[in-house]
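Okay, structure first, notes after.
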Amino acid sequence: MQSSNTAMHGKNCMVTGATAGIGEVTAQALARMGADVILVGRSQQKCANTVTRIKEKTGNSSVEYLLADLSSQAQIRELVAQFHNRYDRLDVLVNNAGGAFIWRQESVGGIEMTFALNHLNYFLLTNLLLDTIKNSSPARIVNVSSNSHYGANINFEDLEGKRKYWWNTAYGQSKLANVMFTYELARRLEGTSVTVNALNPGFVATDIGKNNGWYTRLILWFLRLWALTPQEGARTNVYLASSHEVEGVTGKYFFKEKQVESDPASYDLEAARRLWEVSAEMVGI
């Protein structure tokens with residue numbers, strides 16, 4: 001990671017899912033580079049504690065937070081309204097918040113939780129902030145995906161798993177949607193100075209999935225023996241958000257700070273356009 005405490009001076013950076021794991025590490029790294037950092041989380045106490053930790057560790061006092069449960073479209077809209085009341089530019093948006101749900105759940109808006117949180121969150125938040133991002137250009141959008149997208153497909157006939165739900169299928173679909181959204185948005189942003197890229201952070205020891213009961217927590221504890229640390233997993237986040245090496249690079253997929261090929265399904269232009277249209281209808285934009 002870049003270590004200069006002035007590399008991101010004057011840049012406004014929003015990081016979602018920033019109260020733990022790679023989100024917190026990403027926010028801390030950007031703050032250390034001098035950025036004005038806006039954390040997004042759903043717990044006021046966790047957000048306040050994280051802001052305090054980052055300020056203490058970096059010496060950067062320009063770290064704040066906004067509250068939202070990003071599975072709720074209403075709260076995303078309220079988050080954006082609060083952002084616009086307090087800020088007039090956004091140089092970097094890191095879409096990082098996500099989750100895995102072994103049992104089928106629905107968001108407050110009645111949408112299957114995996115799709116609502118992992119994909120529609122990225123889609124709606126980014127689109128609502130897009131005019132501000134464009135006006136702040138050159139600007140960057142970073143979408144955290146996963147290697148779980150390999151072998152997945154977008155089941156347009158049952159996007160929300162109402163007929164048949166398997167958590168790993170739902171998760172893989174949502175992560176493929178992240179990549180397809182990234183590529184389609186990059187195509188729609190051609191001719192602007194806004195870049196958008198996706199990444200696989202690797203298997204990281206984070207809190208994701210711990211909401212699924214003691215058995216899942218036990219499995220995750222065991223798997224942590226082989227997992228990357230949050231510091232290792234956040235490297236590509238920080239790289240795409242800040243490095244001069246990727247200036248002007250857009251519509252790509254990265255792993256370990258290197259551009260790699262995503263699953264062949266992610267390059268399906270017709271499916272990407274259809275996903276965009278369906279997503280837009282589901283969020284009402």
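Labels for the structure tokens follow display order: chains A, B, ..., residues from 1 in each chain, ligands from 1.
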
Run DSSP on the backbone and tell me which residues of stretch 100-246 of chain A come out as alpha helix (DSSP H); list them as a ChimeraX atom specification. /A:113-115,121-135,167-188,214-223,230-233,235-242

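In this model, the gap between atom CA of A:Ile133 and atom CA of A:Val108 comes to 28.0 Å.
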
Give the strand (DSSP E) residues of stretch 80-285 of chain A, as assigned by DSSP on the backbone, as a ChimeraX atom specification. /A:92-95,139-144,194-200,253-255,258-260

Spatial neighbours of stretch 48-65 of chain A, 7 Å, only C-alpha atoms, chain gap at least 5 places, as a PyMOL selection string: chain A and resi 19+28+31-32+34+36-40

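Near A:Leu130, within a cut-off of 10 Å and counting only C-alpha atoms, sit the residues A:Leu90, A:Leu93, A:Leu124, A:Ser136, A:Ile141, A:Leu189, A:Val194, with same-chain residues fewer than 6 positions away left out.
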
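Distance check against A:Ala271 using only C-alpha atoms: of A:Val283, A:Ala234, A:Met180, A:Val144, the minimum falls on A:Met180.
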
Who sits within 9 Å of A:Thr132, only C-alpha atoms, same chain under 4 positions skipped, as a VMD selection string: chain A and resid 84 88 to 91 128 136 to 137

Okay, now the selection with N, CA and C atoms, as a PDB file, in the first residue's frame?
ATOM      1  N   HIS A  84     -25.255  14.680   0.611  1.00  0.00           N
ATOM      2  CA  HIS A  84     -25.357  15.903  -0.184  1.00  0.00           C
ATOM      3  C   HIS A  84     -25.492  17.146   0.696  1.00  0.00           C
ATOM      4  N   ASP A  88     -19.814  18.312  -1.075  1.00  0.00           N
ATOM      5  CA  ASP A  88     -20.117  18.720  -2.447  1.00  0.00           C
ATOM      6  C   ASP A  88     -19.277  17.980  -3.479  1.00  0.00           C
ATOM      7  N   ARG A  89     -18.485  17.000  -3.031  1.00  0.00           N
ATOM      8  CA  ARG A  89     -17.686  16.228  -3.973  1.00  0.00           C
ATOM      9  C   ARG A  89     -17.437  14.831  -3.417  1.00  0.00           C
ATOM     10  N   LEU A  90     -17.176  13.883  -4.327  1.00  0.00           N
ATOM     11  CA  LEU A  90     -16.815  12.529  -3.941  1.00  0.00           C
ATOM     12  C   LEU A  90     -15.824  12.002  -4.964  1.00  0.00           C
ATOM     13  N   ASP A  91     -14.575  11.867  -4.536  1.00  0.00           N
ATOM     14  CA  ASP A  91     -13.503  11.467  -5.447  1.00  0.00           C
ATOM     15  C   ASP A  91     -13.367   9.956  -5.568  1.00  0.00           C
ATOM     16  N   LEU A 128     -27.130   6.952  -7.320  1.00  0.00           N
ATOM     17  CA  LEU A 128     -27.577   8.168  -6.647  1.00  0.00           C
ATOM     18  C   LEU A 128     -26.437   9.152  -6.407  1.00  0.00           C
ATOM     19  N   SER A 136     -16.786  15.529  -9.700  1.00  0.00           N
ATOM     20  CA  SER A 136     -15.536  15.512  -8.939  1.00  0.00           C
ATOM     21  C   SER A 136     -14.382  14.923  -9.745  1.00  0.00           C
ATOM     22  N   SER A 137     -14.639  14.582 -10.996  1.00  0.00           N
ATOM     23  CA  SER A 137     -13.660  13.845 -11.798  1.00  0.00           C
ATOM     24  C   SER A 137     -12.364  14.642 -11.986  1.00  0.00           C
TER      25      SER A 137
END

Please provide as an MDAnalysis selection string all residues within 12 Å of A:Leu185, with the sequence filter that same-chain residues fewer than 4 positions apart are discarded (counting only C-alpha atoms). chainID A and resid 122:123 126:127 130 140:143 177:181 189:190 192 194:198 250:252 269 272:273 275:276

Written file, previous selection with N, CA and C atoms, as a PDB file, in the first residue's frame:
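Wrote result21.pdb, looks like this:
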ATOM      1  N   TYR A 122     -24.971  -1.721  -4.109  1.00  0.00           N
ATOM      2  CA  TYR A 122     -23.961  -1.106  -4.982  1.00  0.00           C
ATOM      3  C   TYR A 122     -24.645  -0.289  -6.081  1.00  0.00           C
ATOM      4  N   PHE A 123     -25.636  -0.912  -6.702  1.00  0.00           N
ATOM      5  CA  PHE A 123     -26.295  -0.311  -7.864  1.00  0.00           C
ATOM      6  C   PHE A 123     -26.976   1.005  -7.493  1.00  0.00           C
ATOM      7  N   THR A 126     -24.442   3.825  -5.903  1.00  0.00           N
ATOM      8  CA  THR A 126     -23.571   4.399  -6.939  1.00  0.00           C
ATOM      9  C   THR A 126     -24.351   5.321  -7.864  1.00  0.00           C
ATOM     10  N   ASN A 127     -25.505   4.886  -8.310  1.00  0.00           N
ATOM     11  CA  ASN A 127     -26.286   5.708  -9.234  1.00  0.00           C
ATOM     12  C   ASN A 127     -26.763   7.002  -8.594  1.00  0.00           C
ATOM     13  N   LEU A 130     -23.799   9.327  -8.511  1.00  0.00           N
ATOM     14  CA  LEU A 130     -23.024   9.400  -9.749  1.00  0.00           C
ATOM     15  C   LEU A 130     -22.826  10.826 -10.256  1.00  0.00           C
ATOM     16  N   ARG A 140     -13.004   7.810  -8.930  1.00  0.00           N
ATOM     17  CA  ARG A 140     -12.917   6.356  -9.035  1.00  0.00           C
ATOM     18  C   ARG A 140     -14.041   5.676  -8.247  1.00  0.00           C
ATOM     19  N   ILE A 141     -14.529   4.585  -8.811  1.00  0.00           N
ATOM     20  CA  ILE A 141     -15.480   3.708  -8.136  1.00  0.00           C
ATOM     21  C   ILE A 141     -14.834   2.330  -8.048  1.00  0.00           C
ATOM     22  N   VAL A 142     -14.832   1.750  -6.860  1.00  0.00           N
ATOM     23  CA  VAL A 142     -14.211   0.453  -6.624  1.00  0.00           C
ATOM     24  C   VAL A 142     -15.278  -0.489  -6.068  1.00  0.00           C
ATOM     25  N   ASN A 143     -15.516  -1.597  -6.751  1.00  0.00           N
ATOM     26  CA  ASN A 143     -16.539  -2.552  -6.344  1.00  0.00           C
ATOM     27  C   ASN A 143     -15.893  -3.859  -5.875  1.00  0.00           C
ATOM     28  N   ALA A 177     -22.968 -10.405 -10.256  1.00  0.00           N
ATOM     29  CA  ALA A 177     -23.682  -9.157 -10.543  1.00  0.00           C
ATOM     30  C   ALA A 177     -22.792  -7.948 -10.278  1.00  0.00           C
ATOM     31  N   ASN A 178     -21.949  -8.014  -9.231  1.00  0.00           N
ATOM     32  CA  ASN A 178     -21.008  -6.917  -8.962  1.00  0.00           C
ATOM     33  C   ASN A 178     -20.086  -6.673 -10.147  1.00  0.00           C
ATOM     34  N   VAL A 179     -19.572  -7.753 -10.729  1.00  0.00           N
ATOM     35  CA  VAL A 179     -18.638  -7.624 -11.848  1.00  0.00           C
ATOM     36  C   VAL A 179     -19.370  -7.115 -13.092  1.00  0.00           C
ATOM     37  N   MET A 180     -20.535  -7.676 -13.366  1.00  0.00           N
ATOM     38  CA  MET A 180     -21.291  -7.253 -14.552  1.00  0.00           C
ATOM     39  C   MET A 180     -21.736  -5.805 -14.432  1.00  0.00           C
ATOM     40  N   PHE A 181     -22.136  -5.399 -13.229  1.00  0.00           N
ATOM     41  CA  PHE A 181     -22.481  -4.000 -12.991  1.00  0.00           C
ATOM     42  C   PHE A 181     -21.279  -3.099 -13.241  1.00  0.00           C
ATOM     43  N   LEU A 189     -19.999   5.053 -18.722  1.00  0.00           N
ATOM     44  CA  LEU A 189     -19.191   6.207 -18.320  1.00  0.00           C
ATOM     45  C   LEU A 189     -18.087   6.541 -19.325  1.00  0.00           C
ATOM     46  N   GLU A 190     -18.100   5.868 -20.459  1.00  0.00           N
ATOM     47  CA  GLU A 190     -17.096   6.160 -21.483  1.00  0.00           C
ATOM     48  C   GLU A 190     -17.162   7.638 -21.863  1.00  0.00           C
ATOM     49  N   THR A 192     -16.052   9.995 -19.928  1.00  0.00           N
ATOM     50  CA  THR A 192     -15.920  10.775 -18.691  1.00  0.00           C
ATOM     51  C   THR A 192     -14.555  10.470 -18.077  1.00  0.00           C
ATOM     52  N   VAL A 194     -14.322   9.278 -15.030  1.00  0.00           N
ATOM     53  CA  VAL A 194     -14.657   8.422 -13.893  1.00  0.00           C
ATOM     54  C   VAL A 194     -14.338   6.982 -14.268  1.00  0.00           C
ATOM     55  N   THR A 195     -13.549   6.324 -13.441  1.00  0.00           N
ATOM     56  CA  THR A 195     -13.216   4.921 -13.680  1.00  0.00           C
ATOM     57  C   THR A 195     -13.957   4.047 -12.677  1.00  0.00           C
ATOM     58  N   VAL A 196     -14.227   2.824 -13.094  1.00  0.00           N
ATOM     59  CA  VAL A 196     -14.892   1.869 -12.205  1.00  0.00           C
ATOM     60  C   VAL A 196     -14.290   0.490 -12.436  1.00  0.00           C
ATOM     61  N   ASN A 197     -13.827  -0.122 -11.367  1.00  0.00           N
ATOM     62  CA  ASN A 197     -13.198  -1.436 -11.449  1.00  0.00           C
ATOM     63  C   ASN A 197     -13.692  -2.326 -10.318  1.00  0.00           C
ATOM     64  N   ALA A 198     -13.611  -3.635 -10.555  1.00  0.00           N
ATOM     65  CA  ALA A 198     -14.007  -4.624  -9.549  1.00  0.00           C
ATOM     66  C   ALA A 198     -12.787  -5.403  -9.099  1.00  0.00           C
ATOM     67  N   THR A 250     -10.248   1.362 -16.534  1.00  0.00           N
ATOM     68  CA  THR A 250     -11.646   1.197 -16.164  1.00  0.00           C
ATOM     69  C   THR A 250     -12.231  -0.069 -16.771  1.00  0.00           C
ATOM     70  N   GLY A 251     -13.271  -0.565 -16.113  1.00  0.00           N
ATOM     71  CA  GLY A 251     -13.956  -1.746 -16.610  1.00  0.00           C
ATOM     72  C   GLY A 251     -13.119  -3.004 -16.527  1.00  0.00           C
ATOM     73  N   LYS A 252     -12.304  -3.145 -15.470  1.00  0.00           N
ATOM     74  CA  LYS A 252     -11.420  -4.297 -15.334  1.00  0.00           C
ATOM     75  C   LYS A 252     -11.660  -4.991 -13.986  1.00  0.00           C
ATOM     76  N   LEU A 269     -22.723  -9.075 -22.839  1.00  0.00           N
ATOM     77  CA  LEU A 269     -23.257  -7.718 -22.932  1.00  0.00           C
ATOM     78  C   LEU A 269     -24.768  -7.685 -22.786  1.00  0.00           C
ATOM     79  N   ALA A 272     -25.715  -8.259 -19.208  1.00  0.00           N
ATOM     80  CA  ALA A 272     -25.369  -7.091 -18.391  1.00  0.00           C
ATOM     81  C   ALA A 272     -26.405  -5.983 -18.551  1.00  0.00           C
ATOM     82  N   ARG A 273     -26.839  -5.743 -19.781  1.00  0.00           N
ATOM     83  CA  ARG A 273     -27.867  -4.725 -20.017  1.00  0.00           C
ATOM     84  C   ARG A 273     -29.185  -5.128 -19.359  1.00  0.00           C
ATOM     85  N   LEU A 275     -29.531  -7.099 -16.739  1.00  0.00           N
ATOM     86  CA  LEU A 275     -29.353  -6.959 -15.294  1.00  0.00           C
ATOM     87  C   LEU A 275     -29.513  -5.504 -14.878  1.00  0.00           C
ATOM     88  N   TRP A 276     -28.957  -4.592 -15.653  1.00  0.00           N
ATOM     89  CA  TRP A 276     -29.072  -3.164 -15.356  1.00  0.00           C
ATOM     90  C   TRP A 276     -30.545  -2.745 -15.361  1.00  0.00           C
TER      91      TRP A 276
END

Got a sec: who's within 10 Å of A:Gly172, counting only C-alpha atoms, leaving out chain neighbours fewer than 3 positions off, as a short mmCIF file (atom, residue, chain, number, x, y, z; two decimals) with C-alpha atoms, in the first residue's frame?
data_model
loop_
_atom_site.label_atom_id
_atom_site.label_comp_id
_atom_site.auth_asym_id
_atom_site.auth_seq_id
_atom_site.Cartn_x
_atom_site.Cartn_y
_atom_site.Cartn_z
CA ALA A 100 -23.76 -14.11 3.18
CA THR A 114 -28.20 -11.44 -0.56
CA SER A 145 -16.60 -8.74 -5.63
CA SER A 146 -15.27 -12.26 -4.95
CA ASN A 147 -13.87 -15.32 -6.65
CA SER A 148 -17.26 -16.84 -5.83
CA HIS A 149 -18.49 -15.25 -9.04
CA TYR A 150 -16.57 -17.86 -11.05
CA GLY A 151 -19.01 -20.52 -12.25
CA ALA A 152 -22.04 -18.47 -11.20
CA ASN A 153 -24.86 -17.24 -13.42
CA ILE A 154 -27.62 -14.66 -13.23
CA TRP A 167 -26.88 -19.64 -0.03
CA ASN A 168 -23.74 -20.28 -2.07
CA THR A 169 -25.66 -19.97 -5.34
CA LYS A 175 -20.80 -11.38 -6.77
CA LEU A 176 -21.16 -12.00 -10.51
CA ALA A 177 -23.68 -9.16 -10.54
CA ASN A 178 -21.01 -6.92 -8.96
#

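We find atom CA of A:Tyr165 and atom CA of A:Asn121 to be spaced 20.2 Å apart.
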
For a test of reading the model, state the distance in Å between atom CA of A:Tyr267 and atom CA of A:Ser71, rounded to one decimal. 26.4 Å
